Amino acid sequence: RIIWNSILYLVKTGCQWRMLPQDFPKWQRGCTIIIKSVQIWGQFELVLEHLRGKFRVKLGQKSEPSLGIMDSQNIRWGNNRSL
């Protein structure tokens with residue numbers, strides 16, 4: 001939990017890892033835990049992607065989705081009146 005709190009502190013204040021207050025653990029520990037978490041999450045995502053493809057094939061669909069949805073909005077720039 002204290003690592004999570006240090007991450008939230010970093011995000012909120014914008015300070016660097018090495019400038020964390022003394023209340024938090026040493027910056028090396030926080031960086032190490034985050035790097036390992038990212039590596040584990042990447043492996044987890046690969047497993048989920050593989051299982052998702054197998055599940056889609058089992059449902060009679062292609063393993064990769066063939067449709068994507070994009071959302072956009074109209075934005076007016078400047079003065080759009082004709083002269």
# chains A, B, ... in the order shown; residues from 1 in each chain; ligands from 1

call {"tool": "residues_around", "arguments": {"residues": "A:Leu10", "least_positions_apart": "2", "cutoff": "12 Å", "atoms": "only C-alpha atoms", "output": "ChimeraX atom specification"}}
result
/A:3-8,12-21,24,27,30-31

call {"tool": "residues_around", "arguments": {"residues": "A:Glu49", "least_positions_apart": "5", "cutoff": "12 Å", "atoms": "only C-alpha atoms", "output": "list in words"}}
result
Gly42, Gln43, Phe44, Lys54, Phe55, Arg56, Ser63, Glu64 and Pro65 of chain A

call {"tool": "select_by_dssp", "arguments": {"residues": "stretch 4-40 of chain A", "states": "alpha helix (DSSP H)", "output": "list in words"}}
result
Trp4, Asn5, Ser6, Ile7, Leu8, Tyr9, Leu10, Val11, Lys12, Thr13, Trp27, Gln28, Arg29, Gly30, Cys31, Thr32, Ile33, Ile34, Ile35, Lys36, Ser37, Val38, Gln39 and Ile40 of chain A
